[in-house]
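What follows is the content of input.txt (compact mmCIF, C-alpha atoms and all ligand atoms).
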```txt
# COMPACT_ATOMS: atom_id res chain seq x y z
CA MET Z 1 8.60 -16.27 -26.62
CA LYS Z 2 5.66 -14.90 -24.61
CA THR Z 3 6.41 -11.63 -22.83
CA LYS Z 4 5.89 -11.89 -19.06
CA THR Z 5 3.54 -9.35 -17.52
CA ILE Z 6 5.25 -7.33 -14.80
CA ASN Z 7 3.20 -6.96 -11.63
CA PHE Z 8 3.15 -3.28 -10.69
CA ASP Z 9 0.15 -3.82 -8.39
CA LYS Z 10 2.19 -5.56 -5.72
CA LYS Z 11 2.54 -3.52 -2.53
CA ILE Z 12 6.08 -3.63 -1.18
CA ASP Z 13 6.78 -2.56 2.38
CA ARG Z 14 9.66 -0.08 2.22
CA LEU Z 15 9.62 0.98 5.88
CA ASP Z 16 12.84 0.27 7.77
CA THR Z 17 14.84 -0.17 4.56
CA ASP Z 18 16.66 3.16 5.12
CA CYS Z 19 14.96 4.65 2.08
CA VAL Z 20 14.58 8.43 2.19
CA LYS Z 21 11.01 8.32 0.87
CA TYR Z 22 9.63 6.41 3.90
CA ASP Z 23 12.31 6.42 6.58
CA GLY Z 24 13.21 10.05 5.89
CA LEU Z 25 9.67 11.34 6.55
CA GLN Z 26 10.50 12.44 10.10
CA SER Z 27 13.54 14.45 9.08
CA TYR Z 28 12.03 15.98 5.92
CA PHE Z 29 8.39 16.47 6.97
CA GLY Z 30 8.48 16.15 10.78
CA VAL Z 31 5.90 13.34 10.72
CA VAL Z 32 6.00 9.56 10.55
CA ASP Z 33 2.42 8.71 9.68
CA ALA Z 34 1.94 10.25 6.21
CA LYS Z 35 1.82 8.33 2.94
CA PRO Z 36 5.01 9.32 1.05
CA LEU Z 37 4.11 10.67 -2.39
CA TRP Z 38 7.15 12.86 -2.75
CA VAL Z 39 10.79 12.10 -3.71
CA ALA Z 40 11.28 10.83 -7.27
CA ASP Z 41 11.62 7.10 -6.86
CA MET Z 42 8.96 4.50 -7.45
CA ASP Z 43 7.23 2.06 -5.10
CA PHE Z 44 7.70 -0.66 -7.75
CA ALA Z 45 10.34 -3.38 -7.52
CA THR Z 46 13.46 -2.78 -9.57
CA PRO Z 47 13.16 -5.07 -12.65
CA LYS Z 48 13.67 -8.78 -11.81
CA TYR Z 49 16.36 -9.19 -14.47
CA VAL Z 50 18.33 -6.30 -12.95
CA GLN Z 51 17.97 -7.77 -9.45
CA LYS Z 52 19.21 -11.10 -10.82
CA ALA Z 53 22.29 -9.51 -12.39
CA LEU Z 54 23.07 -7.63 -9.15
CA LYS Z 55 22.70 -10.78 -7.05
CA LYS Z 56 25.07 -12.59 -9.37
CA LYS Z 57 27.59 -9.78 -9.05
CA LEU Z 58 27.34 -9.90 -5.25
CA LYS Z 59 28.71 -13.45 -5.39
CA GLN Z 60 32.11 -12.21 -6.55
CA GLN Z 61 33.36 -11.93 -2.91
CA ILE Z 62 35.67 -8.93 -3.23
CA PHE Z 63 34.34 -5.43 -3.82
CA GLY Z 64 37.30 -3.28 -4.67
CA TYR Z 65 37.46 -0.18 -6.86
CA GLU Z 66 36.02 -0.52 -10.35
CA ILE Z 67 36.73 0.99 -13.74
CA PRO Z 68 34.01 1.53 -16.33
CA SER Z 69 34.13 -1.47 -18.65
CA ASP Z 70 33.79 -1.39 -22.44
CA LYS Z 71 30.49 -3.25 -22.03
CA SER Z 72 29.13 -0.36 -19.94
CA PHE Z 73 30.07 2.17 -22.63
CA GLU Z 74 28.45 -0.09 -25.24
CA ALA Z 75 25.29 -0.34 -23.15
CA VAL Z 76 24.99 3.49 -22.98
CA ILE Z 77 25.78 3.85 -26.69
CA ASN Z 78 23.07 1.31 -27.58
CA TRP Z 79 20.47 2.75 -25.22
CA GLN Z 80 20.99 6.31 -26.46
CA LYS Z 81 20.33 5.22 -30.06
CA ARG Z 82 16.62 5.47 -29.14
CA HIS Z 83 17.17 9.23 -29.00
CA ASN Z 84 18.81 9.29 -32.45
CA LEU Z 85 22.25 9.61 -30.93
CA GLU Z 86 25.35 7.92 -32.28
CA LEU Z 87 27.79 8.17 -29.40
CA GLN Z 88 31.40 7.02 -29.26
CA LYS Z 89 33.06 5.73 -26.10
CA GLU Z 90 35.16 8.93 -25.94
CA ASP Z 91 32.01 11.07 -25.79
CA ILE Z 92 30.92 9.56 -22.46
CA LEU Z 93 31.97 9.97 -18.84
CA PHE Z 94 30.51 7.90 -15.99
CA CYS Z 95 29.83 9.94 -12.84
CA SER Z 96 28.31 9.38 -9.43
CA GLY Z 97 25.18 11.44 -9.98
CA VAL Z 98 23.42 13.93 -12.21
CA VAL Z 99 23.29 16.58 -9.48
CA PRO Z 100 27.05 16.40 -8.77
CA SER Z 101 27.59 16.65 -12.54
CA LEU Z 102 25.35 19.73 -12.73
CA LYS Z 103 27.46 21.35 -10.02
CA VAL Z 104 30.73 20.47 -11.77
CA ALA Z 105 29.32 21.68 -15.11
CA VAL Z 106 28.53 25.07 -13.54
CA GLU Z 107 32.05 25.31 -12.12
CA THR Z 108 33.67 24.14 -15.38
CA PHE Z 109 31.86 26.30 -17.88
CA SER Z 110 31.43 29.56 -15.95
CA GLU Z 111 33.46 31.78 -13.63
CA ILE Z 112 32.59 33.16 -10.19
CA GLY Z 113 30.11 36.01 -10.71
CA ASP Z 114 28.89 34.75 -14.10
CA GLU Z 115 25.18 34.26 -14.68
CA VAL Z 116 23.46 30.92 -15.13
CA VAL Z 117 19.87 30.70 -16.34
CA VAL Z 118 17.14 28.30 -15.19
CA PHE Z 119 13.42 28.02 -16.03
CA PRO Z 120 11.42 27.78 -12.74
CA PRO Z 121 9.49 26.02 -11.44
CA VAL Z 122 12.37 23.58 -11.71
CA TYR Z 123 13.99 20.69 -9.81
CA PHE Z 124 15.40 22.54 -6.77
CA PRO Z 125 19.10 21.51 -6.96
CA PHE Z 126 19.22 23.62 -10.14
CA PHE Z 127 19.17 26.65 -7.80
CA SER Z 128 21.70 25.39 -5.25
CA VAL Z 129 24.34 24.22 -7.74
CA ILE Z 130 24.44 27.79 -9.06
CA LYS Z 131 24.26 29.66 -5.75
CA ASP Z 132 26.73 27.33 -3.99
CA SER Z 133 29.23 27.98 -6.79
CA ASN Z 134 28.98 31.75 -6.27
CA ARG Z 135 27.41 32.26 -9.68
CA GLU Z 136 24.44 34.56 -10.26
CA LEU Z 137 21.12 32.75 -10.54
CA VAL Z 138 18.98 34.10 -13.38
CA GLU Z 139 15.39 32.92 -13.30
CA SER Z 140 13.22 33.04 -16.38
CA ASN Z 141 9.90 31.70 -15.20
CA LEU Z 142 7.94 29.30 -17.34
CA ILE Z 143 4.49 30.56 -18.22
CA LEU Z 144 1.30 28.60 -17.71
CA LYS Z 145 -0.77 29.03 -20.84
CA ASP Z 146 -4.02 27.14 -21.43
CA GLY Z 147 -3.03 24.54 -18.84
CA LYS Z 148 0.41 23.95 -20.32
CA TYR Z 149 3.79 25.36 -19.31
CA GLU Z 150 5.84 27.18 -21.93
CA ILE Z 151 9.25 28.80 -22.05
CA ASN Z 152 9.00 32.59 -22.03
CA PHE Z 153 11.47 33.16 -24.88
CA SER Z 154 11.30 36.97 -24.87
CA ASP Z 155 11.80 37.08 -21.09
CA PHE Z 156 14.71 34.62 -21.39
CA GLU Z 157 16.43 36.71 -24.07
CA SER Z 158 15.80 39.97 -22.21
CA LYS Z 159 17.58 38.64 -19.12
CA ILE Z 160 20.79 37.75 -20.97
CA THR Z 161 23.82 39.97 -20.30
CA PRO Z 162 27.49 39.62 -21.30
CA LYS Z 163 27.93 37.72 -18.01
CA THR Z 164 25.41 34.99 -18.96
CA LYS Z 165 27.38 31.84 -19.72
CA LEU Z 166 25.14 28.83 -19.12
CA LEU Z 167 21.59 27.53 -19.35
CA LEU Z 168 20.65 24.57 -17.13
CA LEU Z 169 17.85 22.91 -19.03
CA CYS Z 170 15.63 20.30 -17.44
CA SER Z 171 14.48 18.15 -20.34
CA PRO Z 172 11.96 16.61 -19.80
CA HIS Z 173 11.06 19.21 -17.23
CA ASN Z 174 10.61 18.26 -13.58
CA PRO Z 175 8.16 19.24 -11.98
CA VAL Z 176 5.82 20.45 -14.75
CA GLY Z 177 6.09 17.31 -16.88
CA ARG Z 178 6.84 18.99 -20.20
CA VAL Z 179 8.69 17.24 -23.01
CA TRP Z 180 10.15 20.20 -24.89
CA SER Z 181 9.36 19.90 -28.60
CA LYS Z 182 11.99 20.06 -31.30
CA GLU Z 183 10.67 23.52 -32.22
CA GLU Z 184 10.94 24.80 -28.65
CA LEU Z 185 14.45 23.41 -28.26
CA THR Z 186 15.46 24.94 -31.57
CA LYS Z 187 14.24 28.34 -30.33
CA VAL Z 188 16.23 27.87 -27.11
CA ASN Z 189 19.27 27.00 -29.20
CA ILE Z 190 18.94 30.03 -31.47
CA ILE Z 191 18.99 32.33 -28.44
CA CYS Z 192 21.87 30.45 -26.80
CA GLU Z 193 23.98 30.43 -29.95
CA LYS Z 194 23.34 34.14 -30.48
CA TYR Z 195 24.84 34.95 -27.05
CA SER Z 196 27.37 32.06 -26.84
CA ILE Z 197 25.55 30.37 -23.96
CA LEU Z 198 26.36 26.71 -23.34
CA VAL Z 199 23.40 24.43 -22.69
CA VAL Z 200 23.68 21.73 -20.03
CA SER Z 201 20.68 19.47 -20.48
CA ASP Z 202 19.57 17.21 -17.63
CA GLU Z 203 17.81 14.37 -19.47
CA ILE Z 204 17.41 11.96 -16.55
CA HIS Z 205 13.66 11.63 -17.26
CA SER Z 206 14.06 11.15 -21.03
CA ASP Z 207 12.89 7.51 -21.06
CA LEU Z 208 9.72 8.22 -19.09
CA VAL Z 209 7.92 10.11 -21.82
CA PHE Z 210 4.46 9.91 -23.36
CA THR Z 211 5.30 11.91 -26.46
CA LYS Z 212 8.34 12.28 -28.69
CA PHE Z 213 11.48 13.29 -26.83
CA THR Z 214 14.31 15.19 -28.53
CA SER Z 215 17.74 15.18 -26.95
CA PHE Z 216 19.37 18.60 -26.94
CA ALA Z 217 22.51 16.92 -28.32
CA THR Z 218 20.64 16.45 -31.62
CA ILE Z 219 19.82 20.17 -31.68
CA ASN Z 220 23.27 21.37 -30.70
CA PRO Z 221 26.18 18.89 -30.56
CA THR Z 222 28.23 21.25 -28.39
CA SER Z 223 25.81 20.87 -25.46
CA LEU Z 224 26.57 18.74 -22.40
CA ILE Z 225 23.98 16.06 -21.62
CA LEU Z 226 23.46 14.39 -18.24
CA ASN Z 227 21.58 11.13 -17.88
CA ALA Z 228 21.26 7.98 -15.75
CA PRO Z 229 19.30 4.73 -15.52
CA SER Z 230 18.07 5.88 -12.06
CA LYS Z 231 14.53 6.98 -12.85
CA THR Z 232 13.72 4.49 -15.63
CA PHE Z 233 14.68 1.39 -13.65
CA ASN Z 234 14.16 2.65 -10.09
CA VAL Z 235 17.82 2.36 -9.16
CA ALA Z 236 18.55 5.91 -7.98
CA GLY Z 237 20.27 4.71 -4.79
CA PHE Z 238 23.21 3.32 -6.75
CA ASN Z 239 24.41 6.84 -7.61
CA THR Z 240 25.44 5.86 -11.11
CA SER Z 241 25.06 8.34 -13.94
CA TYR Z 242 26.83 9.55 -17.04
CA ALA Z 243 27.54 12.71 -18.98
CA PHE Z 244 28.18 13.00 -22.68
CA SER Z 245 28.85 15.52 -25.40
CA LEU Z 246 29.33 15.16 -29.14
CA ASP Z 247 31.81 18.01 -28.89
CA THR Z 248 35.34 16.76 -28.19
CA LYS Z 249 36.40 19.96 -26.50
CA ILE Z 250 33.40 20.16 -24.17
CA ILE Z 251 33.58 16.55 -22.98
CA LYS Z 252 37.36 16.78 -22.59
CA GLN Z 253 37.00 19.87 -20.41
CA PHE Z 254 34.24 18.22 -18.38
CA LYS Z 255 36.26 15.02 -17.92
CA ILE Z 256 39.25 16.94 -16.53
CA SER Z 257 37.08 18.95 -14.17
CA ALA Z 258 34.94 15.97 -13.05
CA LYS Z 259 38.10 14.08 -12.11
CA LYS Z 260 39.36 17.07 -10.13
CA HIS Z 261 36.05 17.15 -8.25
CA HIS Z 262 36.25 13.40 -7.59
CA ILE Z 263 32.83 12.56 -9.02
CA THR Z 264 33.96 9.86 -11.45
CA SER Z 265 34.31 6.89 -9.08
CA LEU Z 266 31.87 4.08 -9.70
CA ASN Z 267 30.58 1.77 -6.99
CA SER Z 268 30.95 -2.00 -7.13
CA LEU Z 269 27.54 -2.46 -8.72
CA SER Z 270 27.65 0.37 -11.29
CA ASN Z 271 28.96 -1.64 -14.24
CA THR Z 272 26.50 -4.48 -13.67
CA LEU Z 273 23.73 -1.96 -13.19
CA ILE Z 274 24.37 -0.06 -16.43
CA GLN Z 275 24.80 -3.21 -18.48
CA SER Z 276 21.72 -4.95 -17.11
CA CYS Z 277 19.37 -1.92 -17.09
CA TYR Z 278 20.33 -0.97 -20.63
CA SER Z 279 20.06 -4.50 -22.04
CA LYS Z 280 17.31 -5.58 -24.47
CA GLU Z 281 15.13 -6.58 -21.51
CA GLY Z 282 15.05 -2.92 -20.56
CA ASN Z 283 12.76 -2.25 -23.52
CA ILE Z 284 10.15 -4.73 -22.27
CA TRP Z 285 10.29 -3.28 -18.76
CA LEU Z 286 10.02 0.28 -20.03
CA GLU Z 287 7.05 -0.47 -22.29
CA GLN Z 288 5.09 -2.05 -19.44
CA LEU Z 289 6.12 0.59 -16.91
CA LEU Z 290 4.98 3.40 -19.21
CA GLU Z 291 1.66 1.66 -19.72
CA TYR Z 292 1.10 1.40 -15.94
CA LEU Z 293 2.15 5.00 -15.35
CA ARG Z 294 -0.11 6.19 -18.15
CA LYS Z 295 -3.05 4.47 -16.46
CA ASN Z 296 -2.22 5.91 -13.03
CA ILE Z 297 -1.94 9.39 -14.57
CA ALA Z 298 -5.27 9.01 -16.39
CA PHE Z 299 -6.86 7.72 -13.18
CA THR Z 300 -5.57 10.70 -11.18
CA GLU Z 301 -6.74 13.19 -13.80
CA LYS Z 302 -10.18 11.61 -13.94
CA PHE Z 303 -10.40 11.40 -10.14
CA PHE Z 304 -9.76 15.10 -9.65
CA SER Z 305 -11.89 16.28 -12.55
CA LYS Z 306 -14.84 14.16 -11.38
CA TYR Z 307 -14.69 14.36 -7.58
CA PHE Z 308 -12.53 17.33 -6.73
CA PRO Z 309 -12.20 19.72 -9.67
CA VAL Z 310 -10.78 22.55 -7.58
CA VAL Z 311 -7.48 20.71 -7.95
CA LYS Z 312 -6.21 21.02 -11.48
CA VAL Z 313 -3.78 18.40 -12.72
CA ILE Z 314 -1.33 20.01 -15.11
CA LYS Z 315 -1.23 17.87 -18.26
CA ASN Z 316 2.00 15.92 -18.14
CA GLU Z 317 3.97 14.55 -21.06
CA ALA Z 318 6.70 12.87 -19.02
CA THR Z 319 7.68 11.49 -15.60
CA TYR Z 320 5.55 9.97 -12.85
CA LEU Z 321 5.39 13.33 -11.10
CA LEU Z 322 2.17 15.30 -11.38
CA TRP Z 323 2.05 19.02 -10.80
CA LEU Z 324 -1.16 19.86 -8.95
CA ASP Z 325 -2.64 23.35 -8.98
CA PHE Z 326 -4.59 24.15 -5.76
CA LYS Z 327 -5.18 27.84 -6.62
CA LYS Z 328 -8.94 27.40 -6.78
CA SER Z 329 -9.13 25.73 -3.35
CA GLY Z 330 -9.64 29.12 -1.70
CA LEU Z 331 -6.97 28.19 0.84
CA LYS Z 332 -3.63 29.82 1.51
CA HIS Z 333 -0.53 27.87 0.44
CA LYS Z 334 0.43 27.14 4.06
CA GLU Z 335 -3.11 25.93 4.82
CA ILE Z 336 -3.03 23.50 1.89
CA LYS Z 337 0.39 22.28 2.99
CA ASP Z 338 -0.76 21.67 6.56
CA LYS Z 339 -4.00 20.02 5.53
CA LEU Z 340 -2.24 17.65 3.14
CA LEU Z 341 0.31 16.59 5.71
CA LYS Z 342 -1.58 16.71 8.99
CA ASP Z 343 -5.19 15.98 8.00
CA ALA Z 344 -5.01 13.95 4.79
CA LYS Z 345 -1.68 12.49 5.95
CA VAL Z 346 -0.06 12.51 2.53
CA ALA Z 347 3.46 13.84 1.94
CA LEU Z 348 3.69 15.69 -1.39
CA ASN Z 349 6.53 17.98 -2.49
CA ASP Z 350 5.85 21.62 -1.68
CA GLY Z 351 5.61 23.59 -4.93
CA VAL Z 352 7.55 26.60 -3.65
CA THR Z 353 10.72 24.53 -3.31
CA PHE Z 354 10.75 24.53 -7.12
CA GLY Z 355 10.55 28.32 -7.33
CA LYS Z 356 8.37 31.23 -6.22
CA ASN Z 357 5.90 30.49 -9.00
CA GLY Z 358 5.30 27.10 -7.36
CA LYS Z 359 3.01 28.80 -4.83
CA TYR Z 360 -0.34 26.96 -4.58
CA PHE Z 361 1.20 23.93 -6.32
CA PHE Z 362 2.24 20.55 -4.95
CA ARG Z 363 4.03 17.71 -6.71
CA LEU Z 364 2.45 14.28 -6.52
CA ASN Z 365 4.36 11.05 -7.22
CA ILE Z 366 1.97 8.53 -8.82
CA ALA Z 367 4.49 5.67 -9.22
CA LEU Z 368 2.82 3.30 -6.78
CA PRO Z 369 0.20 0.53 -6.99
CA LYS Z 370 -3.10 1.94 -8.22
CA LYS Z 371 -4.98 0.80 -5.09
CA GLU Z 372 -2.58 2.74 -2.90
CA LEU Z 373 -2.79 5.77 -5.16
CA LYS Z 374 -6.58 5.72 -4.99
CA LYS Z 375 -6.54 5.65 -1.17
CA SER Z 376 -4.32 8.72 -1.11
CA LEU Z 377 -6.42 10.64 -3.64
CA ILE Z 378 -9.55 9.97 -1.59
CA LYS Z 379 -7.76 11.31 1.50
CA ILE Z 380 -6.81 14.48 -0.38
CA GLN Z 381 -10.38 14.95 -1.52
CA ASN Z 382 -11.87 14.25 1.91
CA TYR Z 383 -9.60 16.50 3.86
CA ILE Z 384 -9.13 19.37 1.45
CA GLY Z 385 -12.33 19.22 -0.53
CA ASN Z 386 -15.97 18.61 0.08
CA LYS Z 387 -16.34 15.23 1.82
CA ASN Z 388 -19.62 14.36 0.17
CA GLU Z 389 -18.79 14.84 -3.49
CA SER Z 390 -17.44 11.33 -4.24
CA LYS Z 391 -20.18 9.44 -2.40
C1 LIG Z 401 15.64 16.47 -13.15
C2 LIG Z 401 16.41 15.65 -12.17
N1 LIG Z 401 17.75 15.65 -12.23
C3 LIG Z 401 18.50 14.91 -11.37
C4 LIG Z 401 17.90 14.13 -10.40
C5 LIG Z 401 18.74 13.38 -9.43
O1 LIG Z 401 19.85 12.81 -10.07
P1 LIG Z 401 21.00 12.10 -9.25
O2 LIG Z 401 20.33 11.26 -8.20
O3 LIG Z 401 21.71 11.27 -10.29
O4 LIG Z 401 21.86 13.14 -8.68
C6 LIG Z 401 16.50 14.12 -10.30
C7 LIG Z 401 15.83 13.36 -9.23
O5 LIG Z 401 14.69 13.52 -8.93
C8 LIG Z 401 15.75 14.88 -11.21
O6 LIG Z 401 14.42 14.91 -11.18
```
Do you think you could lay out the structure here as structure tokens?
Ligand SMILES: Cc1ncc(COP(=O)(O)O)c(C=O)c1O
Amino acid sequence: MKTKTINFDKKIDRLDTDCVKYDGLQSYFGVVDAKPLWVADMDFATPKYVQKALKKKLKQQIFGYEIPSDKSFEAVINWQKRHNLELQKEDILFCSGVVPSLKVAVETFSEIGDEVVVFPPVYFPFFSVIKDSNRELVESNLILKDGKYEINFSDFESKITPKTKLLLLCSPHNPVGRVWSKEELTKVNIICEKYSILVVSDEIHSDLVFTKFTSFATINPTSLILNAPSKTFNVAGFNTSYAFSLDTKIIKQFKISAKKHHITSLNSLSNTLIQSCYSKEGNIWLEQLLEYLRKNIAFTEKFFSKYFPVVKVIKNEATYLLWLDFKKSGLKHKEIKDKLLKDAKVALNDGVTFGKNGKYFFRLNIALPKKELKKSLIKIQNYIGNKNESK
């Protein structure tokens, strides 16, 4: 059978669909006329075969409470085999979202006043789930070395005290686009084992990788892993995720706590969503999506290096989120922010929301039709850089 080519070039109007990316511009950025290149969802249609399955489900007429079906467990078990994981149904818990699970994990595996480590710049809810639980936030900043972010292992170890109980790992790492290598994860694990620190690994971006991904569960089976089909299939709005651990005690503890926090209810489309996203057709979608993203990333890198080299694109190994370094622009962070939003009229994520070391950085979402991406890059160049360079 011939594989159908998916059309990622099609522009889809998302305005007035109640999506946060477009319709939330006013409340998040205070403007309505900027091109949204921020929150982590894609401007590509959710796969046709997933849409078809959801439409079929919508015909069932009654939408009462649902339980996770065996087929949903099977779908997760099969999908996670790509990461060399052999899960059992008992290892898995379906939850409403990865962020709620992060919060519950913090509350389950640490006490008030305990310390929880993160590696900034990092996805900003990593800070709030710790602070809002009255735990101490311990930041071990990543270091930028030869254009690539690395974990500062000696700094990490030096910050550990008897009160340090947890590490929230973002793997792959949003926003810097790193896929942590097996060697790096092993080093993390050695330190964590030495001080009895539990690792909670957020692997929501693990399918969107351009190099080999290693799940932390294969490094240390006692870790807790959080994942979802949200990013891979552009279905984040369904709030359907799952947690798993190969350690019976850890997953049992998490299951009890997650139920107490009421984060285990599925919505009426969750089962259909999991089963359809993680079917065999998912592989075809993913292969073509990665190819398109790869090209958009290469295009963006080439664009900046050729026409506007003061902006450095940090080499990314995962996600459709590019971490842009504006340090050489000669502008203050606030000036760059204002120029992007008010002059170039593009809405990128402000780097400082990911940590203090995000100053002079902005996060660009390149998951949109190439033509649209190009228009936005030209606007950035024209309004921040020298107007004449690309002519
Ligand atoms: C690293 C990471 N974790 C979690 C999420 C959100 O997960 P959820 O919508 O399931 O809470 C995102 C979304 O951007 C993310 O980048």
Using only C-alpha atoms and all ligand atoms, find each residue of chain Z with at least one atom at most 8 Å away from an atom of ligand LIG 401 (chain Z); report its shortest atom-to-atom pair and that distance in Å (one decimal), sort the rows by chain and rising residue number, and return the result as a Markdown table.
```
| residue | atom | partner | partner_atom | distance |
| --- | --- | --- | --- | --- |
| Z:Val39 | CA | Z:LIG401 | O5 | 6.7 |
| Z:Ala40 | CA | Z:LIG401 | O5 | 4.6 |
| Z:Asp41 | CA | Z:LIG401 | O5 | 7.4 |
| Z:Ser96 | CA | Z:LIG401 | O3 | 6.9 |
| Z:Gly97 | CA | Z:LIG401 | O3 | 3.5 |
| Z:Val98 | CA | Z:LIG401 | O3 | 3.7 |
| Z:Val99 | CA | Z:LIG401 | O4 | 3.8 |
| Z:Pro100 | CA | Z:LIG401 | O4 | 6.1 |
| Z:Ser101 | CA | Z:LIG401 | O4 | 7.7 |
| Z:Val122 | CA | Z:LIG401 | C1 | 8.0 |
| Z:Tyr123 | CA | Z:LIG401 | C1 | 5.6 |
| Z:Pro125 | CA | Z:LIG401 | C3 | 8.0 |
| Z:Cys170 | CA | Z:LIG401 | C1 | 5.8 |
| Z:Ser171 | CA | Z:LIG401 | C1 | 7.5 |
| Z:Pro172 | CA | Z:LIG401 | C1 | 7.6 |
| Z:His173 | CA | Z:LIG401 | C1 | 6.7 |
| Z:Asn174 | CA | Z:LIG401 | C1 | 5.4 |
| Z:Pro175 | CA | Z:LIG401 | O6 | 7.7 |
| Z:Asp202 | CA | Z:LIG401 | N1 | 5.9 |
| Z:Glu203 | CA | Z:LIG401 | C1 | 7.0 |
| Z:Ile204 | CA | Z:LIG401 | N1 | 5.7 |
| Z:His205 | CA | Z:LIG401 | C1 | 6.7 |
| Z:Asn227 | CA | Z:LIG401 | O3 | 7.6 |
| Z:Ala228 | CA | Z:LIG401 | O3 | 6.4 |
| Z:Ser230 | CA | Z:LIG401 | O3 | 6.7 |
| Z:Lys231 | CA | Z:LIG401 | C7 | 7.4 |
| Z:Ala236 | CA | Z:LIG401 | O2 | 5.6 |
| Z:Gly237 | CA | Z:LIG401 | O2 | 7.4 |
| Z:Asn239 | CA | Z:LIG401 | O3 | 5.8 |
| Z:Thr240 | CA | Z:LIG401 | O3 | 6.6 |
| Z:Ser241 | CA | Z:LIG401 | O3 | 5.8 |
```
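Our summary of the geometry notes that atom CA of Val310 of chain Z is positioned 5.5 Å from atom CA of Ser329 of chain Z.
Residues within 12 Å of Leu15 of chain Z, counting all atoms listed in the file and excluding same-chain residues fewer than 5 positions away, are Val20, Lys21, Tyr22, Asp23, Gly24, Leu25, Val32, Asp33, Lys35, Pro36 and Asp43 of chain Z.
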Could you save those same residues with C-alpha atoms as a CSV table (one decimal), keeping the file's coordinate frame?
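Generated output (again.csv):
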```
chain,number,residue,atom,x,y,z
Z,20,VAL,CA,14.6,8.4,2.2
Z,21,LYS,CA,11.0,8.3,0.9
Z,22,TYR,CA,9.6,6.4,3.9
Z,23,ASP,CA,12.3,6.4,6.6
Z,24,GLY,CA,13.2,10.0,5.9
Z,25,LEU,CA,9.7,11.3,6.6
Z,32,VAL,CA,6.0,9.6,10.6
Z,33,ASP,CA,2.4,8.7,9.7
Z,35,LYS,CA,1.8,8.3,2.9
Z,36,PRO,CA,5.0,9.3,1.0
Z,43,ASP,CA,7.2,2.1,-5.1
```
Select, counting only C-alpha atoms, all protein, DNA and RNA residues no farther than 6 Å from (27.8, 11.8, -16.0) in file coordinates, and express the selection as a PDB file with C-alpha atoms, keeping the file's coordinate frame.
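Below is the file that was written, selection_32.pdb:
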```pdb
ATOM      1  CA  LEU Z  93      31.970   9.970 -18.840  1.00  0.00           C
ATOM      2  CA  PHE Z  94      30.510   7.900 -15.990  1.00  0.00           C
ATOM      3  CA  CYS Z  95      29.830   9.940 -12.840  1.00  0.00           C
ATOM      4  CA  SER Z 101      27.590  16.650 -12.540  1.00  0.00           C
ATOM      5  CA  LEU Z 226      23.460  14.390 -18.240  1.00  0.00           C
ATOM      6  CA  SER Z 241      25.060   8.340 -13.940  1.00  0.00           C
ATOM      7  CA  TYR Z 242      26.830   9.550 -17.040  1.00  0.00           C
ATOM      8  CA  ALA Z 243      27.540  12.710 -18.980  1.00  0.00           C
TER       9      ALA Z 243
END
```
Residues within 10 Å of segment 131-134 of chain Z, please, as an MDAnalysis selection string. Count all atoms listed in the file; anything in the same chain fewer than 2 positions from it doesn't count. chainID Z and resid 103:104 106:107 110:116 125:129 136:137
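Taking all atoms listed in the file into account, Phe44 of chain Z lies nearest to Z:Asn7 out of the set Z:Gln26, Z:Asn267, Z:Asn357, Z:Asn7.
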Need the shell around Asn78 of chain Z: protein/DNA/RNA residues with any atom at most 12 Å away, counting all atoms listed in the file. Skip same-chain ones fewer than 3 positions apart. Format as a ChimeraX atom specification? /Z:71-75,81-89,274-275,277-280,282-283
Can you spit out the residues from that selection as an mmCIF file, keeping the file's coordinate frame, using C-alpha atoms?
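Final output, saved to out.cif:
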```cif
data_model
loop_
_atom_site.group_PDB
_atom_site.id
_atom_site.type_symbol
_atom_site.label_atom_id
_atom_site.label_comp_id
_atom_site.auth_asym_id
_atom_site.auth_seq_id
_atom_site.Cartn_x
_atom_site.Cartn_y
_atom_site.Cartn_z
ATOM 1 C CA LYS Z 71 30.490 -3.250 -22.030
ATOM 2 C CA SER Z 72 29.130 -0.360 -19.940
ATOM 3 C CA PHE Z 73 30.070 2.170 -22.630
ATOM 4 C CA GLU Z 74 28.450 -0.090 -25.240
ATOM 5 C CA ALA Z 75 25.290 -0.340 -23.150
ATOM 6 C CA LYS Z 81 20.330 5.220 -30.060
ATOM 7 C CA ARG Z 82 16.620 5.470 -29.140
ATOM 8 C CA HIS Z 83 17.170 9.230 -29.000
ATOM 9 C CA ASN Z 84 18.810 9.290 -32.450
ATOM 10 C CA LEU Z 85 22.250 9.610 -30.930
ATOM 11 C CA GLU Z 86 25.350 7.920 -32.280
ATOM 12 C CA LEU Z 87 27.790 8.170 -29.400
ATOM 13 C CA GLN Z 88 31.400 7.020 -29.260
ATOM 14 C CA LYS Z 89 33.060 5.730 -26.100
ATOM 15 C CA ILE Z 274 24.370 -0.060 -16.430
ATOM 16 C CA GLN Z 275 24.800 -3.210 -18.480
ATOM 17 C CA CYS Z 277 19.370 -1.920 -17.090
ATOM 18 C CA TYR Z 278 20.330 -0.970 -20.630
ATOM 19 C CA SER Z 279 20.060 -4.500 -22.040
ATOM 20 C CA LYS Z 280 17.310 -5.580 -24.470
ATOM 21 C CA GLY Z 282 15.050 -2.920 -20.560
ATOM 22 C CA ASN Z 283 12.760 -2.250 -23.520
#
```
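Picture a line from atom CA of Lys11 of chain Z to atom CA of Ala34 of chain Z; it runs 16.3 Å.
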Name all residues at most 10 Å from Glu184 of chain Z (count all atoms listed in the file; drop same-chain ones fewer than 5 positions away) and give them as a list in words. Glu150, Ile151, Phe153, Val179, Asn189 and Ile190 of chain Z
